[in-house]
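*Asks:* Pasting a structure here, questions to come.
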Amino acid sequence: MDRTEKREFVSLLGAVFAETSMVVVTRNDGLTVAEVTKLRARMREAGATFKVAKNRLAILALDGTKFDGIAPLLKGPTALAWATDPVAVAKVAVEFAKTNEKLVVLGGALGAQTLNADGIKALAELPSLDTLRAQLVGLIATPATRIAGVLQAPAAQLARVFGAYAKKDEAQAEAA
């Protein structure tokens, strides 16, 4: 990389750090090109990005951002993953690390909060943002369904009572 490319890369990462909510730092010691391609595809499906970055350039980009707490993690062969949905990026990184020992989750940051590897793993166990939204909508819709059921129940009970009386009257009329 020449100086212009390095400046562009630092400004690109700086813009990413300004817009994203979650960054995960991984050590990718010996991943093959096929494995990295597979990981990038999974990240893309989850709405995340995975990028191998020179540590010195990444530290320059981190300077002054809310993620500057992850700078000590940037030693050795590292890569960064980021997304606006914090659970998605953590989930993909942790799941891939479980199946491939060459990828190690070192830690990351959720906003200004720096997380260690256990924090990232705990975050990965949470349901995704879409799942949480669906659960919230379900919780909101459930009371409305129950209210409709409660409101309809008295009318249904009255109909059954009237039906029972009608059958009773028919039975008495046939017996007479």
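We name chains A, B, ... following the order of the structure tokens; residues begin at 1 in each chain, and ligands are numbered from 1 as shown.
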Show me, as a tab-separated table (two decimals) with C-alpha atoms, in the first residue's frame, the residues that have an atom within 9 Å of region 7-9 of chain A when counting only C-alpha atoms, minus same-chain residues fewer than 2 positions from it.

*Replies:*
```
chain	number	residue	atom	x	y	z
A	2	ASP	CA	1.28	3.44	-0.79
A	3	ARG	CA	0.59	6.48	1.41
A	4	THR	CA	-2.51	7.54	-0.50
A	5	GLU	CA	-4.07	4.09	-0.17
A	11	SER	CA	-10.49	7.45	6.50
A	12	LEU	CA	-12.72	4.54	5.38
A	13	LEU	CA	-12.29	2.78	8.72
A	14	GLY	CA	-12.84	6.07	10.55
A	53	ALA	CA	-6.70	-4.65	8.56
A	57	LEU	CA	-3.75	1.68	10.34
A	58	ALA	CA	-6.70	0.40	12.36
A	61	ALA	CA	-8.60	5.03	12.47
```

*Asks:* Near Gly111 (chain A), counting only C-alpha atoms, which residues have an atom at most 7 Å away, once you skip same-chain residues fewer than 6 positions from it, shown as a PyMOL selection string?

*Replies:* chain A and resi 21-22+66-67

*Asks:* So, counting only C-alpha atoms, which residue among A:Ala88, A:Ala15, A:Leu103, A:Ile120 is closest to Leu31 (chain A)?

*Replies:* A:Leu103

*Asks:* Hey, what does DSSP flag as strand (DSSP E or B) within region 7-156 of chain A? Can you give it to me as an MDAnalysis selection string?

*Replies:* chainID A and resid 22:28 49:52 78:83 103:110 113:116

*Asks:* Grab the residues selected above and save them as a JSON list (two decimals), in the first residue's frame with N, CA, C and O atoms.

*Replies:*
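Everything below was put into again13.json:
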```json
[["chain", "number", "residue", "atom", "x", "y", "z"],
["A", 22, "MET", "N", -21.18, -1.75, 16.65],
["A", 22, "MET", "CA", -20.48, -2.90, 17.23],
["A", 22, "MET", "C", -19.26, -3.25, 16.38],
["A", 22, "MET", "O", -19.35, -3.30, 15.16],
["A", 23, "VAL", "N", -18.13, -3.51, 17.06],
["A", 23, "VAL", "CA", -16.92, -3.97, 16.40],
["A", 23, "VAL", "C", -16.41, -5.19, 17.16],
["A", 23, "VAL", "O", -16.32, -5.16, 18.38],
["A", 24, "VAL", "N", -16.09, -6.25, 16.44],
["A", 24, "VAL", "CA", -15.53, -7.46, 17.03],
["A", 24, "VAL", "C", -14.12, -7.63, 16.48],
["A", 24, "VAL", "O", -13.90, -7.52, 15.27],
["A", 25, "VAL", "N", -13.17, -7.90, 17.37],
["A", 25, "VAL", "CA", -11.78, -8.12, 16.98],
["A", 25, "VAL", "C", -11.50, -9.62, 17.06],
["A", 25, "VAL", "O", -11.78, -10.25, 18.08],
["A", 26, "THR", "N", -10.97, -10.17, 15.98],
["A", 26, "THR", "CA", -10.66, -11.60, 15.94],
["A", 26, "THR", "C", -9.19, -11.79, 15.56],
["A", 26, "THR", "O", -8.58, -10.94, 14.93],
["A", 27, "ARG", "N", -8.65, -12.92, 15.97],
["A", 27, "ARG", "CA", -7.32, -13.33, 15.52],
["A", 27, "ARG", "C", -7.54, -14.42, 14.51],
["A", 27, "ARG", "O", -8.19, -15.42, 14.79],
["A", 28, "ASN", "N", -7.02, -14.21, 13.33],
["A", 28, "ASN", "CA", -7.21, -15.18, 12.25],
["A", 28, "ASN", "C", -5.87, -15.78, 11.89],
["A", 28, "ASN", "O", -5.29, -15.49, 10.87],
["A", 49, "THR", "N", -19.73, -6.85, 8.22],
["A", 49, "THR", "CA", -18.57, -6.80, 7.35],
["A", 49, "THR", "C", -17.38, -7.36, 8.11],
["A", 49, "THR", "O", -17.21, -7.09, 9.29],
["A", 50, "PHE", "N", -16.54, -8.13, 7.42],
["A", 50, "PHE", "CA", -15.33, -8.71, 8.00],
["A", 50, "PHE", "C", -14.16, -8.24, 7.18],
["A", 50, "PHE", "O", -14.14, -8.42, 5.97],
["A", 51, "LYS", "N", -13.18, -7.62, 7.83],
["A", 51, "LYS", "CA", -12.05, -7.05, 7.09],
["A", 51, "LYS", "C", -10.76, -7.29, 7.85],
["A", 51, "LYS", "O", -10.66, -7.01, 9.04],
["A", 52, "VAL", "N", -9.76, -7.80, 7.14],
["A", 52, "VAL", "CA", -8.42, -7.90, 7.69],
["A", 52, "VAL", "C", -7.79, -6.53, 7.51],
["A", 52, "VAL", "O", -7.83, -5.96, 6.42],
["A", 78, "THR", "N", -4.79, -9.87, 13.10],
["A", 78, "THR", "CA", -6.17, -9.61, 13.53],
["A", 78, "THR", "C", -7.04, -9.19, 12.36],
["A", 78, "THR", "O", -6.55, -8.78, 11.31],
["A", 79, "ALA", "N", -8.33, -9.29, 12.60],
["A", 79, "ALA", "CA", -9.32, -8.84, 11.63],
["A", 79, "ALA", "C", -10.45, -8.20, 12.42],
["A", 79, "ALA", "O", -10.68, -8.52, 13.58],
["A", 80, "LEU", "N", -11.16, -7.30, 11.77],
["A", 80, "LEU", "CA", -12.27, -6.59, 12.39],
["A", 80, "LEU", "C", -13.56, -6.99, 11.71],
["A", 80, "LEU", "O", -13.62, -7.16, 10.49],
["A", 81, "ALA", "N", -14.60, -7.11, 12.51],
["A", 81, "ALA", "CA", -15.95, -7.35, 11.98],
["A", 81, "ALA", "C", -16.85, -6.31, 12.61],
["A", 81, "ALA", "O", -16.72, -6.01, 13.80],
["A", 82, "TRP", "N", -17.75, -5.74, 11.83],
["A", 82, "TRP", "CA", -18.63, -4.71, 12.37],
["A", 82, "TRP", "C", -20.00, -4.77, 11.72],
["A", 82, "TRP", "O", -20.16, -5.30, 10.63],
["A", 83, "ALA", "N", -20.97, -4.24, 12.45],
["A", 83, "ALA", "CA", -22.35, -4.18, 11.95],
["A", 83, "ALA", "C", -23.14, -3.23, 12.83],
["A", 83, "ALA", "O", -22.73, -2.90, 13.95],
["A", 103, "LEU", "N", -9.75, -19.28, 13.99],
["A", 103, "LEU", "CA", -10.35, -17.97, 14.26],
["A", 103, "LEU", "C", -10.65, -17.89, 15.74],
["A", 103, "LEU", "O", -11.38, -18.72, 16.28],
["A", 104, "VAL", "N", -10.09, -16.89, 16.40],
["A", 104, "VAL", "CA", -10.28, -16.70, 17.83],
["A", 104, "VAL", "C", -10.87, -15.32, 18.06],
["A", 104, "VAL", "O", -10.35, -14.32, 17.57],
["A", 105, "VAL", "N", -11.97, -15.27, 18.79],
["A", 105, "VAL", "CA", -12.59, -13.99, 19.13],
["A", 105, "VAL", "C", -11.81, -13.40, 20.31],
["A", 105, "VAL", "O", -11.74, -14.01, 21.37],
["A", 106, "LEU", "N", -11.22, -12.23, 20.11],
["A", 106, "LEU", "CA", -10.42, -11.58, 21.15],
["A", 106, "LEU", "C", -11.24, -10.66, 22.03],
["A", 106, "LEU", "O", -10.98, -10.50, 23.21],
["A", 107, "GLY", "N", -12.22, -10.01, 21.44],
["A", 107, "GLY", "CA", -13.04, -9.05, 22.17],
["A", 107, "GLY", "C", -13.68, -8.10, 21.19],
["A", 107, "GLY", "O", -13.80, -8.39, 20.01],
["A", 108, "GLY", "N", -14.06, -6.94, 21.69],
["A", 108, "GLY", "CA", -14.68, -5.96, 20.83],
["A", 108, "GLY", "C", -15.23, -4.80, 21.62],
["A", 108, "GLY", "O", -14.86, -4.59, 22.78],
["A", 109, "ALA", "N", -16.12, -4.08, 20.99],
["A", 109, "ALA", "CA", -16.73, -2.94, 21.66],
["A", 109, "ALA", "C", -18.15, -2.77, 21.16],
["A", 109, "ALA", "O", -18.43, -2.91, 19.96],
["A", 110, "LEU", "N", -19.03, -2.48, 22.09],
["A", 110, "LEU", "CA", -20.42, -2.15, 21.79],
["A", 110, "LEU", "C", -20.57, -0.69, 22.18],
["A", 110, "LEU", "O", -20.67, -0.37, 23.36],
["A", 113, "GLN", "N", -18.50, 0.87, 25.20],
["A", 113, "GLN", "CA", -18.23, -0.22, 26.15],
["A", 113, "GLN", "C", -17.33, -1.27, 25.51],
["A", 113, "GLN", "O", -17.70, -1.91, 24.54],
["A", 114, "THR", "N", -16.14, -1.45, 26.06],
["A", 114, "THR", "CA", -15.21, -2.47, 25.58],
["A", 114, "THR", "C", -15.59, -3.82, 26.18],
["A", 114, "THR", "O", -15.87, -3.92, 27.37],
["A", 115, "LEU", "N", -15.60, -4.85, 25.34],
["A", 115, "LEU", "CA", -15.99, -6.19, 25.77],
["A", 115, "LEU", "C", -14.83, -7.15, 25.58],
["A", 115, "LEU", "O", -14.11, -7.06, 24.58],
["A", 116, "ASN", "N", -14.67, -8.09, 26.50],
["A", 116, "ASN", "CA", -13.69, -9.15, 26.31],
["A", 116, "ASN", "C", -14.35, -10.28, 25.51],
["A", 116, "ASN", "O", -15.51, -10.17, 25.12]]
```

*Asks:* Quick one: everything within 10 Å of Arg40 (chain A), counting only C-alpha atoms, minus sequence neighbours fewer than 3 positions away in the same chain. Send it as a list in words.

*Replies:*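 That gives Ala34, Glu35, Val36, Thr37, Met43, Arg44, Glu45, Ala46, Ala48, Thr49, Phe50, Lys51, Ala81 and Val92 of chain A.
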
*Asks:* Please write the residues from the selection above to a file, keeping all heavy atoms, as a compact mmCIF listing (two decimals), in the first residue's frame.

*Replies:*
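Output (result-v6.txt):
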```txt
# COMPACT_ATOMS: atom_id res chain seq x y z
N ALA A 34 -10.28 -19.78 1.30
CA ALA A 34 -11.64 -20.35 1.23
C ALA A 34 -12.38 -20.14 2.54
O ALA A 34 -13.58 -19.81 2.54
CB ALA A 34 -11.56 -21.83 0.89
N GLU A 35 -11.69 -20.32 3.67
CA GLU A 35 -12.33 -20.13 4.97
C GLU A 35 -12.71 -18.67 5.20
O GLU A 35 -13.80 -18.37 5.70
CB GLU A 35 -11.41 -20.63 6.09
CG GLU A 35 -11.21 -22.13 6.09
CD GLU A 35 -10.08 -22.60 6.99
OE1 GLU A 35 -9.14 -21.83 7.23
OE2 GLU A 35 -10.16 -23.76 7.44
N VAL A 36 -11.82 -17.76 4.83
CA VAL A 36 -12.12 -16.33 4.98
C VAL A 36 -13.28 -15.94 4.07
O VAL A 36 -14.16 -15.17 4.47
CB VAL A 36 -10.87 -15.48 4.69
CG1 VAL A 36 -11.21 -14.00 4.64
CG2 VAL A 36 -9.79 -15.72 5.74
N THR A 37 -13.31 -16.48 2.87
CA THR A 37 -14.41 -16.19 1.95
C THR A 37 -15.73 -16.68 2.52
O THR A 37 -16.75 -15.99 2.45
CB THR A 37 -14.13 -16.86 0.58
OG1 THR A 37 -12.88 -16.37 0.09
CG2 THR A 37 -15.23 -16.54 -0.42
N MET A 43 -20.95 -13.32 7.20
CA MET A 43 -21.06 -11.96 7.77
C MET A 43 -21.99 -11.11 6.91
O MET A 43 -22.85 -10.40 7.42
CB MET A 43 -19.68 -11.29 7.86
CG MET A 43 -18.79 -11.85 8.93
SD MET A 43 -19.25 -11.21 10.53
CE MET A 43 -17.99 -11.94 11.55
N ARG A 44 -21.81 -11.19 5.60
CA ARG A 44 -22.65 -10.40 4.68
C ARG A 44 -24.13 -10.77 4.84
O ARG A 44 -25.00 -9.90 4.83
CB ARG A 44 -22.21 -10.62 3.24
CG ARG A 44 -21.68 -9.40 2.56
CD ARG A 44 -21.39 -9.60 1.09
NE ARG A 44 -20.85 -10.88 0.70
CZ ARG A 44 -19.56 -11.21 0.67
NH1 ARG A 44 -18.66 -10.33 1.02
NH2 ARG A 44 -19.17 -12.40 0.28
N GLU A 45 -24.41 -12.07 4.98
CA GLU A 45 -25.79 -12.53 5.16
C GLU A 45 -26.40 -11.94 6.44
O GLU A 45 -27.60 -11.67 6.49
CB GLU A 45 -25.84 -14.05 5.25
CG GLU A 45 -25.60 -14.76 3.95
CD GLU A 45 -25.45 -16.27 4.13
OE1 GLU A 45 -25.72 -16.78 5.24
OE2 GLU A 45 -25.07 -16.93 3.15
N ALA A 46 -25.56 -11.73 7.45
CA ALA A 46 -26.04 -11.18 8.72
C ALA A 46 -26.01 -9.66 8.74
O ALA A 46 -26.34 -9.04 9.75
CB ALA A 46 -25.17 -11.72 9.87
N ALA A 48 -23.24 -7.83 8.26
CA ALA A 48 -21.98 -7.41 8.88
C ALA A 48 -20.87 -7.42 7.83
O ALA A 48 -21.04 -7.93 6.73
CB ALA A 48 -21.62 -8.33 10.03
N THR A 49 -19.73 -6.85 8.22
CA THR A 49 -18.57 -6.80 7.35
C THR A 49 -17.38 -7.36 8.11
O THR A 49 -17.21 -7.09 9.29
CB THR A 49 -18.26 -5.34 6.93
OG1 THR A 49 -19.42 -4.80 6.31
CG2 THR A 49 -17.10 -5.27 5.97
N PHE A 50 -16.54 -8.13 7.42
CA PHE A 50 -15.33 -8.71 8.00
C PHE A 50 -14.16 -8.24 7.18
O PHE A 50 -14.14 -8.42 5.97
CB PHE A 50 -15.43 -10.24 7.98
CG PHE A 50 -14.24 -10.94 8.58
CD1 PHE A 50 -14.11 -11.07 9.95
CD2 PHE A 50 -13.25 -11.46 7.77
CE1 PHE A 50 -13.03 -11.72 10.50
CE2 PHE A 50 -12.16 -12.12 8.30
CZ PHE A 50 -12.05 -12.25 9.68
N LYS A 51 -13.18 -7.62 7.83
CA LYS A 51 -12.05 -7.05 7.09
C LYS A 51 -10.76 -7.29 7.85
O LYS A 51 -10.66 -7.01 9.04
CB LYS A 51 -12.27 -5.55 6.92
CG LYS A 51 -11.29 -4.88 6.03
CD LYS A 51 -12.03 -4.32 4.86
CE LYS A 51 -11.12 -3.59 3.92
NZ LYS A 51 -11.13 -4.13 2.61
N ALA A 81 -14.60 -7.11 12.51
CA ALA A 81 -15.95 -7.35 11.98
C ALA A 81 -16.85 -6.31 12.61
O ALA A 81 -16.72 -6.01 13.80
CB ALA A 81 -16.42 -8.75 12.33
N VAL A 92 -22.26 -14.47 14.41
CA VAL A 92 -21.55 -15.08 13.29
C VAL A 92 -20.09 -15.35 13.67
O VAL A 92 -19.56 -16.42 13.39
CB VAL A 92 -21.63 -14.18 12.03
CG1 VAL A 92 -20.73 -14.71 10.93
CG2 VAL A 92 -23.06 -14.08 11.54
```

*Asks:* Using DSSP on the backbone coordinates, identify all residues within chain A classified as helix (DSSP H, G or I); present the result as a count of residues only.

*Replies:* 113

*Asks:* Between CA of Asp118 (chain A) and CA of Glu95 (chain A), what is the distance in Å, rounded to a tenth?

*Replies:* 13.4 Å

*Asks:* Would you compute the distance between CA of Leu74 (chain A) and CA of Val10 (chain A)? Give it in Å to one decimal.

*Replies:*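 CA of Leu74 (chain A) sits 14.7 Å away from CA of Val10 (chain A).
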
*Asks:* Out of A:Asp85, A:Lys6, A:Lys91, A:Lys54, which residue has the shortest atom-to-atom distance to Arg42 (chain A) when counting only C-alpha atoms?

*Replies:*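 Ranking A:Asp85, A:Lys6, A:Lys91, A:Lys54 by distance to Arg42 (chain A), first place goes to A:Lys91.
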